[in-house]
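Okay, structure first, notes after.
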Amino acid sequence: MRTGKAYIHDMQKMKMNVYMDGQKVPRDHDSFVPALEKMALTFDFVSDSEWEPLLTAVSHLNGRKINRFCHIHQSLDDLVRRRELTRKFQLYCGSCILRCGGADTINALSIVSYEIDQKYGTEYNKRFLKYLEDFQDNDWVAPIAMTDVKGDRSQRPRDQANPDSYLRIVEKASDGIVVRGAKSCISLAGYADELIVSPSRALSKDESQWAVAFAVPADCEGVKLITTPKPEGRKRKYMPAIYAQYGGSDSFVIFDSVFVPWERVFMCGEVDFAPRYGQLAALYHRFNYTACKPAMAEIFIGAAALMAEYNGVERSGHIRDKLGYLAAVAVLIDAAGIAASCQAKKTDSGTWIPGGLPTQAGRWLACTNGYKEFEILTDIAGGLASLLPFEGDFFEPEVGPLLHEFIQRRADVPAENVHKLLRFIHDTIAGPASGIHLAGTLQGGGTPIMQLIGVLREYDVEEKKNVVKRLCGISGSGLEDHKPEKKTM
Ligand SMILES: Cc1cc2nc3c(=O)[nH]c(=O)nc-3n(C[C@H](O)[C@H](O)[C@H](O)COP(=O)(O)OP(=O)(O)OC[C@H]3O[C@@H](n4cnc5c(N)ncnc54)[C@H](O)[C@@H]3O)c2cc1C
């Protein structure tokens, strides 16, 4: 397994294909350091006895000890530990650890490559397992690169004015394929070793050029990563805080005629498996959300409760109602994740998947409550949390002491603590990454309607109709039983 230092060194060695604000920049550019340092935790903590049982696993390929983010779920226990790991990282950093995407997509690939082979006699699973061994041995980081740029949303891939609006195969050769297209909103691509690419939608029979899944090094020829850094807080000079030293980044990833050797191609034209891949990758990703989102809600509850206490209003009825609301939602999302773990199943490929219904419903609940959580924290924190003067002003000799005097609330709470909490809430609701977190809560892993489609795909509505028919005394199997007799003139 790599250390954090070795990971950062590997990032420094990669070819320059990251673009930021009009410049080509190295992966260790100052703006990306908070992201690199957060990712480094996922390597360094493997030797910490408190983290080791969650952060490591045993490879089913060769029995070697590996990082859990490179692991294929072999049991219900693996799924449980994975949720616990996600939750623990969220609470430790105060933000998303971001290494989940690659782990989710390799799990999806382990199933889909197997199922395609079963149906078509292909060799994708053999290729994938070989790739997986490299992935595990090198302790690679990869994003889930799925969201196509999509062009006109009312048109299918084959009907788009630009056929590359959905990434596709533009050439097939004896040694591999050439692909062209772009994937948008790809978290962590700017500091990943590999990109694992998959189709983003269902395809029809004549859309085989868009049914493609593969992996390439993130700095390979033709790949361009237009990357936006996402610091969790404004830079601190006087009051260091754990959460404020970390960050992330997201990329618009362009594949400008990229060659992929056959050994890295895991789907090539099998249109019937495109939705299966998308559904599985989304399922694993949403399962993770049932752990990180309640953890984030708990941070919101803690911040709101502490602010109310410092303000002297913690016993007020409306504050208790609002905290109760946040707590109930957090508990229900977490409960959905626990239920999904309990309903986990082993697929024919040997990989375990979480229960679909609770995963989709839990993620939907998180999606639709993200803005509510922000609303409650913003409400309880008051206006100054949004409009807080810069940190430096609090340490300026003339106005600093005055600011500290006038931000004091309850007499027994030191002004410095009020300042620290206000700065945390400021970064959370009005900081450089606040809007991105909100958008991620709503759209990461698919918009709310996608979760509901996921629910209805598995939920047996017919059975519920039958329950009501029995309760009402409606007999018969269908409507034709009760067709009115035709009247004859
Ligand atoms: C913070 C963040 C992180 C992300 N990380 C990743 C990542 O790591 N990897 C990745 O692959 N993706 C990632 N995403 C992308 C995310 O999965 C997508 O944003 C999401 O699936 C929505 O797709 P879209 O952005 O193309 O929006 P659109 O598909 O354009 O949707 C916009 C609206 O139009 C509606 N709509 C779209 N098409 C239709 C239609 N045909 N009929 C009716 N209504 C329609 C949608 O329901 C929605 O309301 C991330 C997004 C965010 C915000």
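Chain labels run A, B, ... following the order of the structure tokens; each chain numbers its residues from 1, and ligands are numbered from 1 in the order shown.
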For A:Tyr310, work out the shell of residues within 7 Å, counting only C-alpha atoms and skipping chain neighbours fewer than 2 positions away, then give it as a short mmCIF file (atom, residue, chain, number, x, y, z; two decimals) with C-alpha atoms, in the first residue's frame.
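Result file is around15.cif:
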data_model
loop_
_atom_site.label_atom_id
_atom_site.label_comp_id
_atom_site.auth_asym_id
_atom_site.auth_seq_id
_atom_site.Cartn_x
_atom_site.Cartn_y
_atom_site.Cartn_z
CA LEU A 306 -23.61 25.09 19.63
CA MET A 307 -24.57 28.42 18.06
CA ALA A 308 -27.96 28.33 19.79
CA GLY A 312 -28.48 31.66 24.88
CA ARG A 409 -22.94 36.59 23.07
CA ARG A 410 -23.41 34.78 26.42
CA VAL A 413 -18.61 31.94 26.34
#
Selection as a list in words: residues within 7 Å of ligand 1 by only C-alpha atoms and all ligand atoms: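 With only C-alpha atoms and all ligand atoms and a cut-off of 7 Å, ligand 1 is contacted by Gly101, Pro143, Ile144, Ala145, Met146, Thr147, Asp148, Val149, Lys150, Arg153, Ser154, Lys183, Ser184, Cys185, Ile186, Ser187, Leu188, Ile436, His437, Ala439, Gly440, Gln443, Gly444, Gly445, Gly446, Thr447 and Ile449 of chain A.
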Pick from A:Ala327, A:Ala182, A:Cys342, A:Met16 nearest to A:Asn162, counting only C-alpha atoms: A:Ala182
Nearest candidate to A:Asn138 (options A:Asp77, A:Asp427, A:Asp10, A:Glu52; using only C-alpha atoms): A:Asp10
DSSP-assigned alpha helix (DSSP H) members of stretch 80-163 of chain A, reported as a PyMOL selection string: chain A and resi 80-93+100-120+124-137
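If you count only C-alpha atoms and ignore residues fewer than 2 places along the chain from A:Ile116, what sits within 10 Å of it is Ile111, Val112, Ser113, Tyr114, Gln118, Lys119, Tyr120, Gly121, Thr122, Glu123, Tyr124, Asn125, Phe266, Met267, Glu270, Asp272 and Phe273 of chain A.
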Sel. of strand (DSSP E) residues, stretch 205-333 of chain A, as a PDB file with C-alpha atoms, in the first residue's frame:
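That gives us part-v5.pdb:
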ATOM      1  CA  VAL A 212     -18.151   1.663 -23.981  1.00  0.00           C
ATOM      2  CA  ALA A 213     -16.398   1.215 -20.643  1.00  0.00           C
ATOM      3  CA  PHE A 214     -12.649   1.435 -20.148  1.00  0.00           C
ATOM      4  CA  ALA A 215      -9.802   2.712 -17.974  1.00  0.00           C
ATOM      5  CA  VAL A 216      -6.920   5.004 -18.921  1.00  0.00           C
ATOM      6  CA  PRO A 217      -4.139   6.719 -16.957  1.00  0.00           C
ATOM      7  CA  VAL A 223      -7.075  13.579 -22.031  1.00  0.00           C
ATOM      8  CA  LYS A 224      -7.531  17.171 -20.835  1.00  0.00           C
ATOM      9  CA  LEU A 225      -8.675  17.897 -17.290  1.00  0.00           C
ATOM     10  CA  ILE A 226     -10.155  21.377 -16.896  1.00  0.00           C
ATOM     11  CA  THR A 227     -10.155  21.514 -13.132  1.00  0.00           C
ATOM     12  CA  THR A 228     -11.723  23.730 -10.483  1.00  0.00           C
ATOM     13  CA  PRO A 229     -10.247  23.580  -6.974  1.00  0.00           C
ATOM     14  CA  LYS A 230     -12.648  23.471  -4.057  1.00  0.00           C
ATOM     15  CA  PRO A 231     -11.083  24.547  -0.732  1.00  0.00           C
ATOM     16  CA  GLY A 247     -10.309  20.544  -0.091  1.00  0.00           C
ATOM     17  CA  GLY A 248     -11.123  18.797  -3.335  1.00  0.00           C
ATOM     18  CA  SER A 249     -11.501  19.558  -7.003  1.00  0.00           C
ATOM     19  CA  ASP A 250     -13.794  18.649  -9.874  1.00  0.00           C
ATOM     20  CA  SER A 251     -12.948  18.436 -13.564  1.00  0.00           C
ATOM     21  CA  PHE A 252     -14.508  18.794 -16.971  1.00  0.00           C
ATOM     22  CA  VAL A 253     -12.736  15.889 -18.662  1.00  0.00           C
ATOM     23  CA  ILE A 254     -12.172  15.978 -22.421  1.00  0.00           C
ATOM     24  CA  PHE A 255     -11.224  12.833 -24.339  1.00  0.00           C
ATOM     25  CA  ASP A 256      -9.904  14.233 -27.600  1.00  0.00           C
ATOM     26  CA  SER A 257      -9.386  11.042 -29.622  1.00  0.00           C
ATOM     27  CA  VAL A 258      -7.888   8.889 -26.903  1.00  0.00           C
ATOM     28  CA  PHE A 259      -6.438   5.463 -27.688  1.00  0.00           C
ATOM     29  CA  VAL A 260      -7.390   2.660 -25.282  1.00  0.00           C
ATOM     30  CA  PRO A 261      -5.620  -0.715 -25.619  1.00  0.00           C
ATOM     31  CA  VAL A 265     -11.616  -2.064 -22.542  1.00  0.00           C
ATOM     32  CA  PHE A 266     -14.396  -3.633 -20.438  1.00  0.00           C
ATOM     33  CA  MET A 267     -17.461  -3.034 -22.616  1.00  0.00           C
ATOM     34  CA  CYS A 268     -17.450  -2.415 -26.339  1.00  0.00           C
TER      35      CYS A 268
END
Shortest interatomic distance to A:Lys15 - which of A:Ile72, A:Cys220, A:Cys96, A:Ala40, counting only C-alpha atoms: A:Cys220
Report as a tab-separated table (two decimals) with N, CA and C atoms, in the first residue's frame all protein, DNA and RNA residues lying within 12 Å of A:Val331, evaluated on only C-alpha atoms, omitting residues in the same chain fewer than 6 positions from it.
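Output file out10.tsv follows:
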chain	number	residue	atom	x	y	z
A	290	THR	N	-25.64	7.18	1.83
A	290	THR	CA	-26.43	6.91	3.04
A	290	THR	C	-25.54	6.94	4.29
A	291	ALA	N	-24.21	7.02	4.09
A	291	ALA	CA	-23.30	7.15	5.25
A	291	ALA	C	-22.77	8.57	5.38
A	293	LYS	N	-23.92	11.46	4.07
A	293	LYS	CA	-24.91	12.55	4.25
A	293	LYS	C	-25.43	12.65	5.67
A	294	PRO	N	-25.78	11.53	6.34
A	294	PRO	CA	-26.17	11.69	7.75
A	294	PRO	C	-25.02	12.21	8.60
A	295	ALA	N	-23.78	11.82	8.25
A	295	ALA	CA	-22.63	12.33	9.02
A	295	ALA	C	-22.54	13.85	8.85
A	296	MET	N	-22.77	14.31	7.61
A	296	MET	CA	-22.72	15.75	7.37
A	296	MET	C	-23.85	16.45	8.12
A	297	ALA	N	-25.03	15.80	8.13
A	297	ALA	CA	-26.17	16.38	8.86
A	297	ALA	C	-25.84	16.49	10.34
A	298	GLU	N	-25.11	15.50	10.86
A	298	GLU	CA	-24.73	15.55	12.28
A	298	GLU	C	-23.83	16.75	12.56
A	301	ILE	N	-26.06	19.67	12.75
A	301	ILE	CA	-26.79	19.68	14.03
A	301	ILE	C	-25.88	20.22	15.13
A	324	GLY	N	-34.62	18.88	16.04
A	324	GLY	CA	-35.31	17.58	15.97
A	324	GLY	C	-35.51	17.15	14.53
A	325	TYR	N	-35.88	18.10	13.69
A	325	TYR	CA	-36.08	17.80	12.26
A	325	TYR	C	-34.78	17.27	11.65
A	337	GLY	N	-29.41	3.15	5.10
A	337	GLY	CA	-28.12	2.51	4.77
A	337	GLY	C	-27.95	1.20	5.52
A	338	ILE	N	-28.38	1.20	6.79
A	338	ILE	CA	-28.27	-0.04	7.58
A	338	ILE	C	-29.18	-1.11	6.98
A	362	GLY	N	-33.11	6.12	0.73
A	362	GLY	CA	-32.26	6.87	1.66
A	362	GLY	C	-31.55	8.01	0.96
A	365	LEU	N	-33.97	10.79	0.23
A	365	LEU	CA	-34.26	11.60	1.41
A	365	LEU	C	-33.12	12.61	1.67
A	366	ALA	N	-31.89	12.16	1.44
A	366	ALA	CA	-30.74	13.07	1.62
A	366	ALA	C	-30.76	14.18	0.58
Distance criterion (only C-alpha atoms): nearest to A:Arg168 out of A:Gly269, A:Trp140, A:Leu384, A:Ile242: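 Using only C-alpha atoms, the shortest distance to A:Arg168 belongs to A:Gly269.
Among the candidates A:Ser341, A:Thr42, A:Ser204, A:Thr441, the one nearest to A:Tyr92 when counting only C-alpha atoms is A:Thr42.
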Who sits within 8 Å of A:Trp364, only C-alpha atoms, same chain under 4 positions skipped, as a list of chain:residue names: A:Gln360, A:Thr368, A:Pro448, A:Gln451, A:Leu452
Print the selection's residues with C-alpha atoms to a file, as a PDB file, in the first residue's frame.
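Dumped everything to selection.pdb:
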ATOM      1  CA  GLN A 360     -32.458   4.620  -3.372  1.00  0.00           C
ATOM      2  CA  THR A 368     -34.355  16.437  -0.938  1.00  0.00           C
ATOM      3  CA  PRO A 448     -33.728  13.249  -7.088  1.00  0.00           C
ATOM      4  CA  GLN A 451     -33.525   7.998  -7.106  1.00  0.00           C
ATOM      5  CA  LEU A 452     -37.312   7.789  -7.419  1.00  0.00           C
TER       6      LEU A 452
END
Polymer residues at most 8 Å from stretch 348-358 of chain A, only C-alpha atoms, same-chain spacing of 5 or more positions, as a PyMOL selection string: chain A and resi 72-76+79+107+110-111+114-115+283-284+287+336-337+339-343+454-455+458-459
Residues as selected, N, CA and C atoms, written as a CSV table (one decimal), in the first residue's frame, can you do that?
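Saved to result_27.csv:
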chain,number,residue,atom,x,y,z
A,72,ILE,N,-13.1,-5.2,-3.8
A,72,ILE,CA,-14.4,-5.6,-4.3
A,72,ILE,C,-15.2,-6.3,-3.1
A,73,HIS,N,-16.4,-5.8,-2.9
A,73,HIS,CA,-17.1,-6.4,-1.7
A,73,HIS,C,-17.3,-7.9,-1.8
A,74,GLN,N,-16.8,-8.6,-0.8
A,74,GLN,CA,-16.9,-10.0,-0.8
A,74,GLN,C,-17.9,-10.6,0.3
A,75,SER,N,-18.6,-9.7,1.0
A,75,SER,CA,-19.5,-10.1,2.1
A,75,SER,C,-20.3,-8.9,2.5
A,76,LEU,N,-21.3,-9.2,3.3
A,76,LEU,CA,-22.1,-8.2,3.9
A,76,LEU,C,-21.3,-7.3,4.8
A,79,LEU,N,-19.6,-4.5,3.1
A,79,LEU,CA,-20.5,-3.3,2.9
A,79,LEU,C,-20.7,-2.5,4.2
A,107,ASN,N,-16.4,-1.9,-8.4
A,107,ASN,CA,-17.4,-2.9,-8.0
A,107,ASN,C,-18.4,-3.2,-9.0
A,110,SER,N,-16.9,-5.2,-11.8
A,110,SER,CA,-16.7,-6.6,-11.5
A,110,SER,C,-17.9,-7.5,-11.8
A,111,ILE,N,-19.1,-6.8,-11.7
A,111,ILE,CA,-20.4,-7.6,-12.0
A,111,ILE,C,-20.7,-7.5,-13.4
A,114,TYR,N,-18.5,-9.6,-15.8
A,114,TYR,CA,-18.9,-11.0,-15.7
A,114,TYR,C,-20.2,-11.3,-16.4
A,115,GLU,N,-21.2,-10.5,-16.2
A,115,GLU,CA,-22.5,-10.8,-16.9
A,115,GLU,C,-22.4,-10.7,-18.4
A,283,LEU,N,-25.9,2.6,-7.8
A,283,LEU,CA,-26.4,2.0,-6.5
A,283,LEU,C,-25.2,2.0,-5.5
A,284,TYR,N,-24.0,1.6,-5.9
A,284,TYR,CA,-22.9,1.7,-4.9
A,284,TYR,C,-22.7,3.1,-4.4
A,287,PHE,N,-25.3,4.2,-2.1
A,287,PHE,CA,-25.2,3.5,-0.8
A,287,PHE,C,-24.2,4.3,0.1
A,336,ALA,N,-31.7,3.8,6.5
A,336,ALA,CA,-31.8,3.3,5.2
A,336,ALA,C,-30.6,2.6,4.8
A,337,GLY,N,-29.4,3.2,5.1
A,337,GLY,CA,-28.1,2.5,4.8
A,337,GLY,C,-27.9,1.2,5.5
A,339,ALA,N,-30.4,-0.7,6.6
A,339,ALA,CA,-31.3,-1.7,6.0
A,339,ALA,C,-30.8,-2.2,4.7
A,340,ALA,N,-30.1,-1.3,3.9
A,340,ALA,CA,-29.6,-1.7,2.6
A,340,ALA,C,-28.4,-2.7,2.9
A,341,SER,N,-27.7,-2.5,3.9
A,341,SER,CA,-26.6,-3.5,4.3
A,341,SER,C,-27.2,-4.9,4.6
A,342,CYS,N,-28.3,-4.8,5.5
A,342,CYS,CA,-29.0,-6.1,5.9
A,342,CYS,C,-29.6,-6.8,4.7
A,343,GLN,N,-30.0,-6.1,3.7
A,343,GLN,CA,-30.6,-6.7,2.5
A,343,GLN,C,-29.5,-7.0,1.4
A,454,GLY,N,-35.3,4.8,-9.4
A,454,GLY,CA,-34.6,3.6,-8.8
A,454,GLY,C,-35.6,2.9,-7.9
A,455,VAL,N,-36.3,3.7,-7.1
A,455,VAL,CA,-37.3,3.1,-6.1
A,455,VAL,C,-38.4,2.4,-6.9
A,458,GLU,N,-37.9,-1.2,-8.4
A,458,GLU,CA,-37.9,-2.3,-7.5
A,458,GLU,C,-39.2,-2.5,-6.7
A,459,TYR,N,-39.9,-1.4,-6.5
A,459,TYR,CA,-41.0,-1.4,-5.6
A,459,TYR,C,-42.2,-2.0,-6.3
